[in-house]
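Chemist: Just passing along the structure, written as structure tokens.
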Amino acid sequence: MSTKLFKNAHIYTPCMGDAPAGGQNQAKIAEVRDGCFLVESGRITVIGTKQRVESALKGKNVDKEFDLEGAAVIPGFVDPHTHACFAATRESEFSMRLAGTPYLDILKAGGGILSSVKKVRAASEEELFRFSRELLAITLQYGTTTIEIKSGYGLDTETELKMLRVIERLGKETPQNVVATFMGAHAVPVEHKPKPDDYVALVENEMLPAVARQGIAKFCDIF
């Protein structure tokens with residue numbers, strides 16, 4: 001077990017109690033100017049003032065010490081709703097929206113979700129992983145350490161399962177905690193437009209059982 005001591009930190013955190021803050025306390029931020037924290041085997045075990053952390057160190061050997069020189073330290077951000085697994089961006093649609101084009105009109109013209117579906121279906125699993133990994137690297141730079149990622153740009157069983165495999169791999173090969181959500185009912189794909197009820201049946205009778213057998217998705221989102 002490795003033990004690391006970080007000292008001389010300016011800590012800002014809402015998480016200084018024994019349980020998550022609730023009610024009005026959620027808006028309260030604790031500030032510790034001469035802050036320290038102890039990391040044992042990759043987990044923060046003690047955080048607070050220098051005196052508190054040093055007291056907890058009695059009988060323990062510290063492998064490494066780090067002087068943060070007064071740098072600000074905050075908890076990592078949790079992003080609970082993203083679609084960060086896709087294969088191409090859609091900047092062109094922003095100008096259409098700014099011009100007042102309704103989203104449903106963009107969708108009917110083959111844009112929106114259906115544009116992303118076309119790109120994700122055509123992408124290999126490796127291409128999809130590389131593109132999405134770059135997105136996660138950007139979110140990490142801005143402080144997101146836990147991120148939820150939905151499928152929903154496949155809209156067929158094979159591609160939805162492919163997306164979930166990529167999302168699982170992102171969790172294994174990036175520093176972030178990644179939570180996978182199945183969102184097969186994100187939209188009705190082009191091939192099922194004439195009979196949307198058939199697509200609902202596909203999601204219910206084929207996709208959901210396949211996703212359950214795969215065992216990657218932690219949640220199912222239909223909105």
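Ligands are numbered from 1 in the order shown, residues from 1 within each chain, and chains are lettered A, B, ... in the order they appear in the structure tokens.
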Mind checking DSSP for region 11-162 of chain A and telling me the helix (DSSP H, G or I) residues as JSON, numbers by chain?

Modeler: {"A": [23, 24, 25, 26, 27, 50, 51, 52, 53, 54, 55, 56, 92, 93, 94, 95, 96, 97, 98, 103, 104, 105, 106, 107, 108, 112, 113, 114, 115, 116, 117, 118, 119, 120, 121, 122, 125, 126, 127, 128, 129, 130, 131, 132, 133, 134, 135, 136, 137, 138, 139, 140, 141, 157, 158, 159, 160, 161, 162]}

Chemist: Need the shell around region 88-96 of chain A: protein/DNA/RNA residues with any atom at most 10 Å away, counting only C-alpha atoms. Skip same-chain ones fewer than 6 positions apart. Format as a CSV table (one decimal) with N, CA, C and O atoms, in the first residue's frame?

Modeler:
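Everything below was put into result_35.csv:
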```csv
chain,number,residue,atom,x,y,z
A,102,PRO,N,-36.6,25.1,-36.7
A,102,PRO,CA,-37.0,24.2,-35.6
A,102,PRO,C,-36.2,22.8,-35.7
A,102,PRO,O,-35.8,22.4,-36.8
A,103,TYR,N,-35.9,22.3,-34.5
A,103,TYR,CA,-35.1,21.1,-34.5
A,103,TYR,C,-35.8,19.9,-35.3
A,103,TYR,O,-35.1,19.2,-36.0
A,105,ASP,N,-37.4,20.1,-37.9
A,105,ASP,CA,-37.2,20.3,-39.3
A,105,ASP,C,-35.8,19.9,-39.7
A,105,ASP,O,-35.5,19.3,-40.8
A,106,ILE,N,-34.8,20.1,-38.8
A,106,ILE,CA,-33.4,19.7,-39.0
A,106,ILE,C,-33.4,18.1,-39.0
A,106,ILE,O,-32.7,17.5,-39.8
A,111,GLY,N,-30.6,15.7,-40.4
A,111,GLY,CA,-29.7,16.2,-39.4
A,111,GLY,C,-30.0,15.7,-38.0
A,111,GLY,O,-30.7,14.7,-37.8
A,112,GLY,N,-29.5,16.4,-37.0
A,112,GLY,CA,-29.8,16.1,-35.7
A,112,GLY,C,-29.3,14.7,-35.3
A,112,GLY,O,-28.2,14.3,-35.7
A,113,ILE,N,-30.1,14.0,-34.5
A,113,ILE,CA,-29.7,12.7,-34.0
A,113,ILE,C,-29.4,11.7,-35.2
A,113,ILE,O,-28.5,10.9,-35.1
A,115,SER,N,-28.3,12.3,-38.1
A,115,SER,CA,-27.0,12.5,-38.7
A,115,SER,C,-25.9,11.8,-37.9
A,115,SER,O,-25.0,11.1,-38.4
A,116,SER,N,-26.0,11.9,-36.5
A,116,SER,CA,-25.0,11.2,-35.7
A,116,SER,C,-25.2,9.7,-35.8
A,116,SER,O,-24.2,8.9,-35.8
A,117,VAL,N,-26.4,9.2,-35.9
A,117,VAL,CA,-26.6,7.7,-36.1
A,117,VAL,C,-25.9,7.2,-37.4
A,117,VAL,O,-25.3,6.2,-37.3
A,118,LYS,N,-26.0,8.0,-38.4
A,118,LYS,CA,-25.4,7.5,-39.7
A,118,LYS,C,-23.9,7.4,-39.5
A,118,LYS,O,-23.3,6.4,-40.0
A,119,LYS,N,-23.3,8.4,-38.9
A,119,LYS,CA,-21.8,8.4,-38.7
A,119,LYS,C,-21.4,7.3,-37.7
A,119,LYS,O,-20.4,6.6,-38.0
A,120,VAL,N,-22.1,7.1,-36.7
A,120,VAL,CA,-21.8,6.0,-35.7
A,120,VAL,C,-21.9,4.7,-36.3
A,120,VAL,O,-21.1,3.8,-36.1
A,123,ALA,N,-18.9,4.0,-38.5
A,123,ALA,CA,-17.6,4.0,-37.8
A,123,ALA,C,-17.2,2.6,-37.3
A,123,ALA,O,-18.1,1.9,-36.8
A,128,LEU,N,-14.6,4.8,-33.3
A,128,LEU,CA,-15.5,5.4,-32.3
A,128,LEU,C,-14.8,5.6,-31.0
A,128,LEU,O,-15.0,6.7,-30.3
A,131,PHE,N,-12.2,8.7,-31.2
A,131,PHE,CA,-12.9,10.0,-31.3
A,131,PHE,C,-13.5,10.3,-29.9
A,131,PHE,O,-13.3,11.4,-29.4
A,132,SER,N,-14.1,9.4,-29.2
A,132,SER,CA,-14.7,9.6,-27.9
A,132,SER,C,-13.7,9.8,-26.9
A,132,SER,O,-13.9,10.6,-25.9
```

Chemist: Point out the residue among A:Ser55, A:Lys7, A:Leu107, A:Pro189 with the least atom-to-atom distance to Leu202 (chain A), counting only C-alpha atoms.

Modeler: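 Between A:Ser55, A:Lys7, A:Leu107, A:Pro189, the residue approaching Leu202 (chain A) most closely is A:Pro189.
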
Chemist: Report as a tab-separated table: every residue of region 27-75 of chain A with an atom at most 12 Å from region 139-148 of chain A, its closest pair of atoms, and their distance in Å to one decimal, counting only C-alpha atoms, with rows sorted by chain and ascending residue number.

Modeler:
```
residue	atom	partner	partner_atom	distance
A:Val73	CA	A:Gly143	CA	10.7
A:Ile74	CA	A:Gly143	CA	8.9
A:Pro75	CA	A:Gly143	CA	8.4
```

Chemist: Find the spatial neighbours of Ile11 (chain A), counting only C-alpha atoms, within a cut-off of 12 Å - ignore same-chain residues fewer than 4 positions away - and output them as an MDAnalysis selection string.

Modeler: chainID A and resid 6:7 15:16 29:37 47:50 68:75

Chemist: I'd like the neighbourhood of Val39 (chain A) as a count of residues only, where a residue qualifies if any of its atoms comes within 9 Å (using only C-alpha atoms), though same-chain residues fewer than 2 positions away should be ignored.

Modeler: 12

Chemist: May I have the residues within 12 Å of region 193-200 of chain A as a list in words, using only C-alpha atoms and disregarding those fewer than 5 positions away in the same chain?

Modeler: Lys108, Leu114, Leu155, Asp156, Thr157, Gly184, Ala185, His186, Ala187, Val188, Asn205, Glu206, Met207, Leu208 and Ile222 of chain A

Chemist: Pick from A:Gly152, A:Gly110, A:Gly100, A:Gly59: nearest to Ala84 (chain A), with only C-alpha atoms counted?

Modeler: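 Distance minimum relative to Ala84 (chain A) lands on A:Gly152.
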
Chemist: With the cut-off set at 10 Å and counting only C-alpha atoms, tabulate each residue of region 46-95 of chain A with an atom at most that distance from an atom of region 165-179 of chain A, showing the nearest atom pair and its distance in Å to one decimal, ordered by chain and increasing number, as a tab-separated table.

Modeler:
```
residue	atom	partner	partner_atom	distance
A:Gly76	CA	A:Gln176	CA	9.8
A:Val78	CA	A:Asn177	CA	9.2
A:Asp79	CA	A:Val178	CA	9.8
A:Pro80	CA	A:Val179	CA	8.7
A:His81	CA	A:Val179	CA	9.9
A:Ala84	CA	A:Ile167	CA	8.9
A:Cys85	CA	A:Ile167	CA	7.0
A:Phe86	CA	A:Val166	CA	10.0
```

Chemist: Can you write out the residues you just picked, keeping all heavy atoms, as a PDB file, in the first residue's frame?

Modeler:
```
ATOM      1  N   GLY A  76     -13.442  16.557  -7.886  1.00  0.00           N
ATOM      2  CA  GLY A  76     -13.700  16.392  -9.306  1.00  0.00           C
ATOM      3  C   GLY A  76     -15.175  16.574  -9.609  1.00  0.00           C
ATOM      4  O   GLY A  76     -16.046  16.280  -8.785  1.00  0.00           O
ATOM      5  N   VAL A  78     -18.767  15.792 -11.436  1.00  0.00           N
ATOM      6  CA  VAL A  78     -19.524  14.627 -11.900  1.00  0.00           C
ATOM      7  C   VAL A  78     -20.502  15.107 -12.962  1.00  0.00           C
ATOM      8  O   VAL A  78     -21.360  15.949 -12.680  1.00  0.00           O
ATOM      9  CB  VAL A  78     -20.287  13.956 -10.736  1.00  0.00           C
ATOM     10  CG1 VAL A  78     -21.140  12.800 -11.272  1.00  0.00           C
ATOM     11  CG2 VAL A  78     -19.315  13.462  -9.670  1.00  0.00           C
ATOM     12  N   ASP A  79     -20.365  14.612 -14.191  1.00  0.00           N
ATOM     13  CA  ASP A  79     -21.292  14.962 -15.273  1.00  0.00           C
ATOM     14  C   ASP A  79     -22.260  13.794 -15.443  1.00  0.00           C
ATOM     15  O   ASP A  79     -21.890  12.748 -15.979  1.00  0.00           O
ATOM     16  CB  ASP A  79     -20.535  15.227 -16.571  1.00  0.00           C
ATOM     17  CG  ASP A  79     -21.414  15.937 -17.599  1.00  0.00           C
ATOM     18  OD1 ASP A  79     -22.649  15.774 -17.527  1.00  0.00           O
ATOM     19  OD2 ASP A  79     -20.865  16.646 -18.458  1.00  0.00           O
ATOM     20  N   PRO A  80     -23.534  13.955 -15.005  1.00  0.00           N
ATOM     21  CA  PRO A  80     -24.454  12.826 -14.972  1.00  0.00           C
ATOM     22  C   PRO A  80     -25.254  12.611 -16.255  1.00  0.00           C
ATOM     23  O   PRO A  80     -26.097  11.728 -16.301  1.00  0.00           O
ATOM     24  CB  PRO A  80     -25.386  13.199 -13.816  1.00  0.00           C
ATOM     25  CG  PRO A  80     -25.491  14.683 -13.901  1.00  0.00           C
ATOM     26  CD  PRO A  80     -24.135  15.152 -14.370  1.00  0.00           C
ATOM     27  N   HIS A  81     -25.007  13.421 -17.289  1.00  0.00           N
ATOM     28  CA  HIS A  81     -25.822  13.278 -18.506  1.00  0.00           C
ATOM     29  C   HIS A  81     -24.998  13.729 -19.710  1.00  0.00           C
ATOM     30  O   HIS A  81     -24.841  14.917 -19.954  1.00  0.00           O
ATOM     31  CB  HIS A  81     -27.088  14.138 -18.388  1.00  0.00           C
ATOM     32  CG  HIS A  81     -28.003  14.025 -19.580  1.00  0.00           C
ATOM     33  ND1 HIS A  81     -29.335  13.689 -19.467  1.00  0.00           N
ATOM     34  CD2 HIS A  81     -27.779  14.191 -20.904  1.00  0.00           C
ATOM     35  CE1 HIS A  81     -29.893  13.669 -20.670  1.00  0.00           C
ATOM     36  NE2 HIS A  81     -28.964  13.968 -21.562  1.00  0.00           N
ATOM     37  N   ALA A  84     -21.316  11.486 -24.988  1.00  0.00           N
ATOM     38  CA  ALA A  84     -19.919  11.685 -25.390  1.00  0.00           C
ATOM     39  C   ALA A  84     -19.350  10.571 -26.249  1.00  0.00           C
ATOM     40  O   ALA A  84     -18.164  10.583 -26.550  1.00  0.00           O
ATOM     41  CB  ALA A  84     -19.050  11.878 -24.145  1.00  0.00           C
ATOM     42  N   CYS A  85     -20.164   9.614 -26.641  1.00  0.00           N
ATOM     43  CA  CYS A  85     -19.702   8.557 -27.538  1.00  0.00           C
ATOM     44  C   CYS A  85     -20.364   8.767 -28.902  1.00  0.00           C
ATOM     45  O   CYS A  85     -21.533   8.421 -29.102  1.00  0.00           O
ATOM     46  CB  CYS A  85     -20.054   7.185 -26.962  1.00  0.00           C
ATOM     47  SG  CYS A  85     -19.468   5.796 -27.964  1.00  0.00           S
ATOM     48  N   PHE A  86     -19.634   9.379 -29.807  1.00  0.00           N
ATOM     49  CA  PHE A  86     -20.146   9.571 -31.167  1.00  0.00           C
ATOM     50  C   PHE A  86     -18.966   9.709 -32.114  1.00  0.00           C
ATOM     51  O   PHE A  86     -17.813   9.608 -31.699  1.00  0.00           O
ATOM     52  CB  PHE A  86     -21.109  10.763 -31.256  1.00  0.00           C
ATOM     53  CG  PHE A  86     -20.532  12.093 -30.841  1.00  0.00           C
ATOM     54  CD1 PHE A  86     -20.074  12.987 -31.785  1.00  0.00           C
ATOM     55  CD2 PHE A  86     -20.490  12.460 -29.497  1.00  0.00           C
ATOM     56  CE1 PHE A  86     -19.556  14.222 -31.414  1.00  0.00           C
ATOM     57  CE2 PHE A  86     -19.989  13.692 -29.112  1.00  0.00           C
ATOM     58  CZ  PHE A  86     -19.510  14.576 -30.076  1.00  0.00           C
TER      59      PHE A  86
END
```

Chemist: Just the strand (DSSP E or B) stuff from chain A, please, per backbone DSSP, written as a PyMOL selection string.

Modeler: chain A and resi 3-13+30-40+43-49+64-67+72-73+77-79+144-150+177-182+219-220

Chemist: Name all residues at most 12 Å from Val211 (chain A) (count only C-alpha atoms; drop same-chain ones fewer than 4 positions away) and give them as a PDB file with C-alpha atoms, in the first residue's frame.

Modeler:
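The resulting file, out_16.pdb, is shown below:
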```pdb
ATOM      1  CA  SER A 151     -25.673   5.037 -26.195  1.00  0.00           C
ATOM      2  CA  ASP A 156     -30.126  -0.908 -34.030  1.00  0.00           C
ATOM      3  CA  THR A 157     -29.066  -3.747 -31.798  1.00  0.00           C
ATOM      4  CA  GLU A 158     -25.603  -4.278 -33.257  1.00  0.00           C
ATOM      5  CA  THR A 159     -24.574  -0.619 -33.105  1.00  0.00           C
ATOM      6  CA  GLU A 160     -26.049  -0.002 -29.652  1.00  0.00           C
ATOM      7  CA  LEU A 161     -24.013  -2.917 -28.319  1.00  0.00           C
ATOM      8  CA  LYS A 162     -20.947  -1.550 -30.137  1.00  0.00           C
ATOM      9  CA  MET A 163     -21.393   1.824 -28.455  1.00  0.00           C
ATOM     10  CA  LEU A 164     -21.710   0.229 -25.034  1.00  0.00           C
ATOM     11  CA  ARG A 165     -18.517  -1.759 -25.607  1.00  0.00           C
ATOM     12  CA  ALA A 180     -22.770   3.498 -19.249  1.00  0.00           C
ATOM     13  CA  THR A 181     -26.455   4.081 -20.009  1.00  0.00           C
ATOM     14  CA  PHE A 182     -28.461   2.315 -22.732  1.00  0.00           C
ATOM     15  CA  MET A 183     -30.655   4.758 -24.683  1.00  0.00           C
ATOM     16  CA  GLY A 184     -31.986   2.710 -27.566  1.00  0.00           C
ATOM     17  CA  VAL A 203     -36.232  -2.119 -28.450  1.00  0.00           C
ATOM     18  CA  GLU A 204     -38.414  -4.085 -26.062  1.00  0.00           C
ATOM     19  CA  ASN A 205     -38.013  -7.597 -27.432  1.00  0.00           C
ATOM     20  CA  GLU A 206     -34.505  -7.606 -28.900  1.00  0.00           C
ATOM     21  CA  MET A 207     -32.386  -4.681 -27.715  1.00  0.00           C
ATOM     22  CA  GLY A 215     -23.972  -6.579 -18.844  1.00  0.00           C
ATOM     23  CA  ILE A 216     -22.268  -3.202 -19.493  1.00  0.00           C
ATOM     24  CA  ALA A 217     -25.055  -0.623 -19.155  1.00  0.00           C
ATOM     25  CA  LYS A 218     -25.861   0.379 -15.595  1.00  0.00           C
ATOM     26  CA  PHE A 219     -29.008   2.316 -16.512  1.00  0.00           C
ATOM     27  CA  CYS A 220     -31.678   2.500 -19.202  1.00  0.00           C
TER      28      CYS A 220
END
```

Chemist: I'd like the interatomic distance between CA of Arg121 (chain A) and CA of Tyr153 (chain A), to a tenth of an Å.

Modeler: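 Calculated distance between CA of Arg121 (chain A) and CA of Tyr153 (chain A) is 7.9 Å.
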